[in-house]
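Pasted below: data.csv, CSV, C-alpha atoms.
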```
chain,number,residue,atom,x,y,z
H,1,MET,CA,-143.0,2.4,27.1
H,2,THR,CA,-142.5,4.2,23.8
H,3,ALA,CA,-142.4,1.4,21.2
H,4,PHE,CA,-143.4,4.1,18.6
H,5,PRO,CA,-141.3,7.1,17.6
H,6,SER,CA,-142.2,10.2,19.6
H,7,ILE,CA,-141.9,12.6,16.6
H,8,SER,CA,-142.9,11.8,13.0
H,9,LEU,CA,-143.0,13.8,9.8
H,10,THR,CA,-145.1,12.1,7.3
H,11,ALA,CA,-146.3,12.7,3.7
H,12,GLN,CA,-149.2,10.3,4.3
H,13,ALA,CA,-152.6,11.3,5.6
H,14,PHE,CA,-153.1,10.0,9.2
H,15,GLU,CA,-156.0,9.2,11.4
H,16,PRO,CA,-155.8,11.2,14.7
H,17,GLY,CA,-158.1,8.9,16.6
H,18,ALA,CA,-155.9,5.9,16.0
H,19,LEU,CA,-152.9,7.8,17.2
H,20,LEU,CA,-154.7,8.8,20.4
H,21,THR,CA,-155.8,5.3,21.1
H,22,THR,CA,-152.3,4.0,20.7
H,23,PHE,CA,-150.9,6.8,22.8
H,24,CYS,CA,-153.4,6.1,25.7
H,25,ALA,CA,-152.8,2.4,25.7
H,26,GLY,CA,-151.0,0.6,28.5
H,27,ARG,CA,-150.7,3.4,31.0
H,28,ASP,CA,-151.4,3.0,34.7
H,29,GLU,CA,-149.7,6.1,36.2
H,30,THR,CA,-150.8,8.7,33.6
H,31,GLY,CA,-153.8,10.5,35.0
H,32,ALA,CA,-154.2,12.9,32.0
H,33,VAL,CA,-153.7,12.9,28.3
H,34,ALA,CA,-154.4,16.1,26.3
H,35,SER,CA,-154.4,16.1,22.6
H,36,PHE,CA,-154.7,18.6,19.8
H,37,VAL,CA,-155.5,18.1,16.1
H,38,GLY,CA,-154.9,20.9,13.6
H,39,LEU,CA,-156.8,20.6,10.3
H,40,ALA,CA,-156.1,22.4,7.0
H,41,ARG,CA,-158.7,25.1,6.4
H,42,ALA,CA,-160.3,25.8,3.0
H,43,GLU,CA,-160.4,29.6,3.7
H,44,GLN,CA,-163.6,30.0,1.7
H,45,GLY,CA,-161.9,28.6,-1.4
H,46,GLN,CA,-158.9,30.8,-1.1
H,47,ALA,CA,-156.7,27.8,-0.2
H,48,ARG,CA,-157.1,24.8,-2.5
H,49,ALA,CA,-154.2,23.0,-0.9
H,50,LEU,CA,-151.4,23.6,1.5
H,51,GLU,CA,-147.9,22.4,1.0
H,52,LEU,CA,-145.5,22.0,3.9
H,53,GLU,CA,-141.8,21.6,3.3
H,54,ALA,CA,-139.5,20.3,6.1
H,55,TYR,CA,-135.7,19.6,6.2
H,56,PRO,CA,-135.5,16.0,7.4
H,57,GLY,CA,-133.0,15.5,10.1
H,58,PHE,CA,-133.1,19.2,10.9
H,59,THR,CA,-136.8,19.9,11.4
H,60,ASP,CA,-137.4,16.8,13.5
H,61,ALA,CA,-134.3,17.5,15.6
H,62,ALA,CA,-135.5,21.1,16.3
H,63,ILE,CA,-139.0,19.8,17.3
H,64,ALA,CA,-137.3,17.1,19.5
H,65,ARG,CA,-135.3,19.8,21.4
H,66,ILE,CA,-138.5,21.8,22.2
H,67,ALA,CA,-140.5,18.6,23.0
H,68,GLU,CA,-137.8,17.5,25.5
H,69,ASP,CA,-137.9,21.0,27.0
H,70,ALA,CA,-141.6,20.7,27.4
H,71,LYS,CA,-141.3,17.2,28.9
H,72,ALA,CA,-139.0,18.6,31.6
H,73,ARG,CA,-140.9,21.9,32.1
H,74,PHE,CA,-144.3,20.2,32.5
H,75,SER,CA,-143.1,16.9,34.0
H,76,LEU,CA,-144.6,15.0,31.2
H,77,HIS,CA,-144.6,11.2,31.2
H,78,ASP,CA,-144.6,11.2,27.4
H,79,TYR,CA,-145.6,13.0,24.2
H,80,ARG,CA,-146.4,12.2,20.6
H,81,ILE,CA,-146.1,14.6,17.7
H,82,VAL,CA,-147.1,13.8,14.1
H,83,HIS,CA,-146.8,16.5,11.5
H,84,ARG,CA,-147.8,16.2,7.8
H,85,ILE,CA,-145.4,17.4,5.1
H,86,GLY,CA,-146.0,17.7,1.3
H,87,PRO,CA,-149.3,18.6,-0.2
H,88,ILE,CA,-152.3,18.6,2.2
H,89,LYS,CA,-156.0,19.0,1.2
H,90,PRO,CA,-158.5,21.1,3.1
H,91,GLY,CA,-160.0,19.1,5.9
H,92,GLU,CA,-157.0,16.8,6.3
H,93,ALA,CA,-155.1,16.7,9.6
H,94,VAL,CA,-151.9,18.7,9.5
H,95,VAL,CA,-150.7,18.1,13.1
H,96,PHE,CA,-151.4,15.8,16.0
H,97,VAL,CA,-150.0,16.5,19.5
H,98,ALA,CA,-150.6,14.4,22.6
H,99,THR,CA,-149.2,14.9,26.0
H,100,ALA,CA,-149.4,12.6,29.0
H,101,ALA,CA,-148.9,13.7,32.6
H,102,GLY,CA,-149.9,12.8,36.1
H,103,HIS,CA,-152.6,15.5,36.2
H,104,ARG,CA,-154.6,17.5,33.6
H,105,ARG,CA,-153.1,21.0,34.0
H,106,ALA,CA,-149.6,19.9,33.0
H,107,ALA,CA,-151.0,17.9,30.1
H,108,PHE,CA,-153.1,20.8,28.8
H,109,GLU,CA,-150.4,23.4,29.2
H,110,ALA,CA,-147.7,21.2,27.6
H,111,CYS,CA,-150.0,20.6,24.6
H,112,ASP,CA,-150.7,24.3,24.3
H,113,PHE,CA,-147.0,25.1,24.6
H,114,LEU,CA,-146.0,22.6,21.9
H,115,MET,CA,-148.7,23.9,19.5
H,116,ASP,CA,-147.6,27.5,19.9
H,117,TYR,CA,-144.0,26.4,19.1
H,118,LEU,CA,-145.0,24.3,16.1
H,119,LYS,CA,-147.2,27.1,14.7
H,120,SER,CA,-144.6,29.9,15.0
H,121,ARG,CA,-141.1,28.6,15.2
H,122,ALA,CA,-140.8,25.1,14.0
H,123,PRO,CA,-138.6,24.9,10.8
H,124,PHE,CA,-141.3,24.4,8.2
H,125,TRP,CA,-141.9,26.3,5.0
H,126,LYS,CA,-145.6,26.6,4.0
H,127,LYS,CA,-147.0,27.3,0.7
H,128,GLU,CA,-150.7,27.9,-0.1
H,129,HIS,CA,-152.0,26.9,-3.6
H,130,GLY,CA,-154.9,29.3,-4.2
H,131,PRO,CA,-157.0,30.4,-7.1
H,132,ASP,CA,-154.6,33.3,-7.9
H,133,GLY,CA,-151.5,31.1,-7.7
H,134,ASP,CA,-149.1,30.0,-5.0
H,135,ARG,CA,-147.8,32.0,-2.1
H,136,TRP,CA,-145.4,31.3,0.7
H,137,ILE,CA,-146.8,31.9,4.2
H,138,GLU,CA,-145.0,33.4,7.2
H,139,PRO,CA,-146.2,33.1,10.8
H,140,THR,CA,-148.9,35.6,11.8
H,141,THR,CA,-148.4,38.2,14.5
H,142,GLN,CA,-150.9,36.2,16.6
H,143,ASP,CA,-148.8,33.1,16.2
H,144,ARG,CA,-145.7,35.0,17.4
H,145,THR,CA,-147.5,36.5,20.3
H,146,ASP,CA,-148.9,33.1,21.3
H,147,ALA,CA,-145.4,31.7,21.4
H,148,GLU,CA,-144.0,34.6,23.4
H,149,ARG,CA,-146.4,33.8,26.3
H,150,TRP,CA,-144.0,31.0,27.2
H,151,ASP,CA,-140.7,32.9,27.0
Y,1,MET,CA,-118.0,19.0,-3.4
Y,2,ALA,CA,-120.6,20.5,-1.1
Y,3,ARG,CA,-124.2,19.4,-1.4
Y,4,VAL,CA,-126.3,22.5,-1.5
Y,5,LEU,CA,-130.0,22.4,-0.4
Y,6,LEU,CA,-132.5,25.2,-1.0
Y,7,PHE,CA,-135.8,25.4,0.8
Y,8,GLY,CA,-139.0,27.3,0.5
Y,9,ARG,CA,-139.1,30.4,-1.8
Y,10,LEU,CA,-135.3,30.1,-2.4
Y,11,ALA,CA,-135.8,26.7,-4.2
Y,12,ASP,CA,-138.7,28.2,-6.3
Y,13,GLN,CA,-136.6,31.2,-7.2
Y,14,ALA,CA,-133.5,29.1,-8.2
Y,15,GLY,CA,-135.5,26.4,-10.0
Y,16,TRP,CA,-133.6,23.7,-8.2
Y,17,ARG,CA,-133.4,22.4,-4.6
Y,18,ASP,CA,-130.4,20.1,-4.5
Y,19,ARG,CA,-127.1,20.5,-6.3
Y,20,SER,CA,-123.4,19.8,-5.8
Y,21,VAL,CA,-121.0,22.7,-5.8
Y,22,GLU,CA,-117.2,22.7,-5.6
Y,23,ALA,CA,-116.3,25.1,-2.8
Y,24,ALA,CA,-113.9,25.1,0.2
Y,25,SER,CA,-115.7,27.7,2.3
Y,26,LEU,CA,-119.1,29.2,2.7
Y,27,THR,CA,-117.9,32.4,1.1
Y,28,ALA,CA,-116.5,30.6,-1.9
Y,29,LEU,CA,-119.8,28.7,-2.2
Y,30,ARG,CA,-121.9,31.9,-2.1
Y,31,ASP,CA,-119.6,33.4,-4.8
Y,32,ALA,CA,-119.9,30.3,-7.0
Y,33,LEU,CA,-123.7,30.3,-6.7
Y,34,ALA,CA,-123.9,34.1,-7.4
Y,35,ALA,CA,-121.6,33.8,-10.4
Y,36,VAL,CA,-124.2,31.4,-12.0
Y,37,ASP,CA,-127.3,33.2,-10.8
Y,38,PRO,CA,-126.8,36.7,-9.4
Y,39,ASP,CA,-130.4,37.1,-8.2
Y,40,LEU,CA,-130.1,33.9,-6.2
Y,41,GLY,CA,-126.8,35.1,-4.8
Y,42,GLU,CA,-128.5,38.2,-3.5
Y,43,ALA,CA,-131.5,36.2,-2.2
Y,44,LEU,CA,-129.2,33.9,-0.3
Y,45,GLY,CA,-127.7,36.9,1.6
Y,46,GLY,CA,-131.2,38.4,2.1
Y,47,PRO,CA,-132.8,39.2,5.5
Y,48,GLY,CA,-133.8,36.2,7.6
Y,49,VAL,CA,-132.0,33.6,5.5
Y,50,GLN,CA,-130.1,31.3,7.7
Y,51,VAL,CA,-127.4,28.7,6.8
Y,52,ALA,CA,-127.1,25.3,8.2
Y,53,VAL,CA,-123.9,23.3,7.7
Y,54,ASP,CA,-124.5,19.6,8.3
Y,55,LYS,CA,-127.8,20.5,9.9
Y,56,THR,CA,-126.4,23.0,12.4
Y,57,ILE,CA,-127.1,26.7,12.0
Y,58,VAL,CA,-123.9,28.6,11.2
Y,59,ARG,CA,-123.4,32.4,11.4
Y,60,GLY,CA,-120.6,33.9,9.3
Y,61,GLU,CA,-117.9,31.9,7.6
Y,62,ALA,CA,-117.2,28.2,7.7
Y,63,ALA,CA,-114.8,25.8,6.0
Y,64,LEU,CA,-116.5,23.1,4.0
Y,65,ALA,CA,-115.0,19.6,3.9
Y,66,ALA,CA,-115.8,17.2,1.2
Y,67,ALA,CA,-119.4,16.0,1.2
Y,68,THR,CA,-120.6,18.7,3.6
Y,69,GLU,CA,-124.3,19.5,3.4
Y,70,VAL,CA,-125.1,23.2,3.2
Y,71,ALA,CA,-128.7,24.3,3.5
Y,72,PHE,CA,-130.1,27.8,2.9
Y,73,LEU,CA,-133.1,28.3,5.0
Y,74,PRO,CA,-135.5,31.3,4.3
Y,75,PRO,CA,-137.6,32.6,7.2
Y,76,MET,CA,-139.5,29.6,8.7
Y,77,SER,CA,-143.3,29.7,8.6
Y,78,GLY,CA,-144.1,27.2,11.4
Y,79,GLY,CA,-146.4,24.3,10.6
```

Let me see the structure of the file written as structure tokens.
Amino acid sequence: MTAFPSISLTAQAFEPGALLTTFCAGRDETGAVASFVGLARAEQGQARALELEAYPGFTDAAIARIAEDAKARFSLHDYRIVHRIGPIKPGEAVVFVATAAGHRRAAFEACDFLMDYLKSRAPFWKKEHGPDGDRWIEPTTQDRTDAERWD
Amino acid sequence: MARVLLFGRLADQAGWRDRSVEAASLTALRDALAAVDPDLGEALGGPGVQVAVDKTIVRGEAALAAATEVAFLPPMSGG
């Protein structure tokens, strides 16, 4: 069923609608697809651009382990995760997550679970280029608390 | 020769992100890096910095075969 890779790290801007259309195509047992798109915020001019660094082969493997956990935990039929790396402008999509399940609750919860993981624990290093220079960002307390809901 | 990769603020601090270093163990590698750049040596042992050998997190000492990839990973931010 998955003729496309389940997890992609890409330096290219992507179109979330096209990804969702492809993900939904050709399903006859999936009753529910949930999706989430994270966009880069401008932060009232404080963030001119975001830069995300990944460790290819390590970052995608770590995401794959969590995604396979989610698949088992929520009885997913399938999932699709696309994450930008490199410089990202405000308004551009940073992350796309879609989950497919028999029923909506599992699809919603798995999508929520995957986003909490991606925002708090996934091996990325994030730098904000702002008016006063560059700064490296660490997960917020809220991000950590969100992720702990699932422990 | 081990291939050393630095990520995040460690790469900014060092001014490089990918370098080959002659070392037979992680300790020897840390010593070699610290001899050239003491501040970097200290940062590599700093809180929250993890080490991956051939993309697997390693705690403590490890022998390094030829062409081993050693990555120093500062605290991860999430995406």

note - CA of Lys55 in chain Y and CA of Ala70 in chain H are separated by 22.3 Å

If we count all atoms listed in the file, which residues of chain Y reach to within 8 Å of chain H? Please list them as a list in words.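 Result: Phe7, Gly8, Arg9, Lys55, Thr56, Pro75, Met76, Ser77, Gly78 and Gly79 of chain Y.
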
Query raised in the report: Suppose you want the space between CA of Ser6 in chain H and CA of Asp112 in chain H; what is it in Å?
Result: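 About the pair CA of Ser6 in chain H and CA of Asp112 in chain H: they are 17.1 Å apart.
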
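The smallest atom-to-atom distance between Leu33 in chain Y and any of Y:Ala66, Y:Ala14, Y:Leu73, Y:Pro47, using all atoms listed in the file, is found for Y:Ala14.
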
Pairwise distance, CA of Ala67 in chain H with CA of Tyr79 in chain H, equals 7.7 Å

### Message
Need to verify the contact set: Gln50 in chain Y, 9 Å, all atoms listed in the file, exclusion of same-chain residues closer than 4 positions in sequence. Can you return it as number ranges by chain?
### Response
Y: 44-45, 57-59, 71-75

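Every protein, DNA or RNA residue with an atom at most 8 Å from Glu22 in chain Y, where all atoms listed in the file count and chain neighbours fewer than 6 positions away do not, is listed here: Met1, Ala2 and Leu29 of chain Y.
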
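Distances to Ala23 in chain Y were evaluated for Y:Gly46, Y:Ala11, Y:Val4, Y:Leu40 using only C-alpha atoms, and the minimum falls at Y:Val4.
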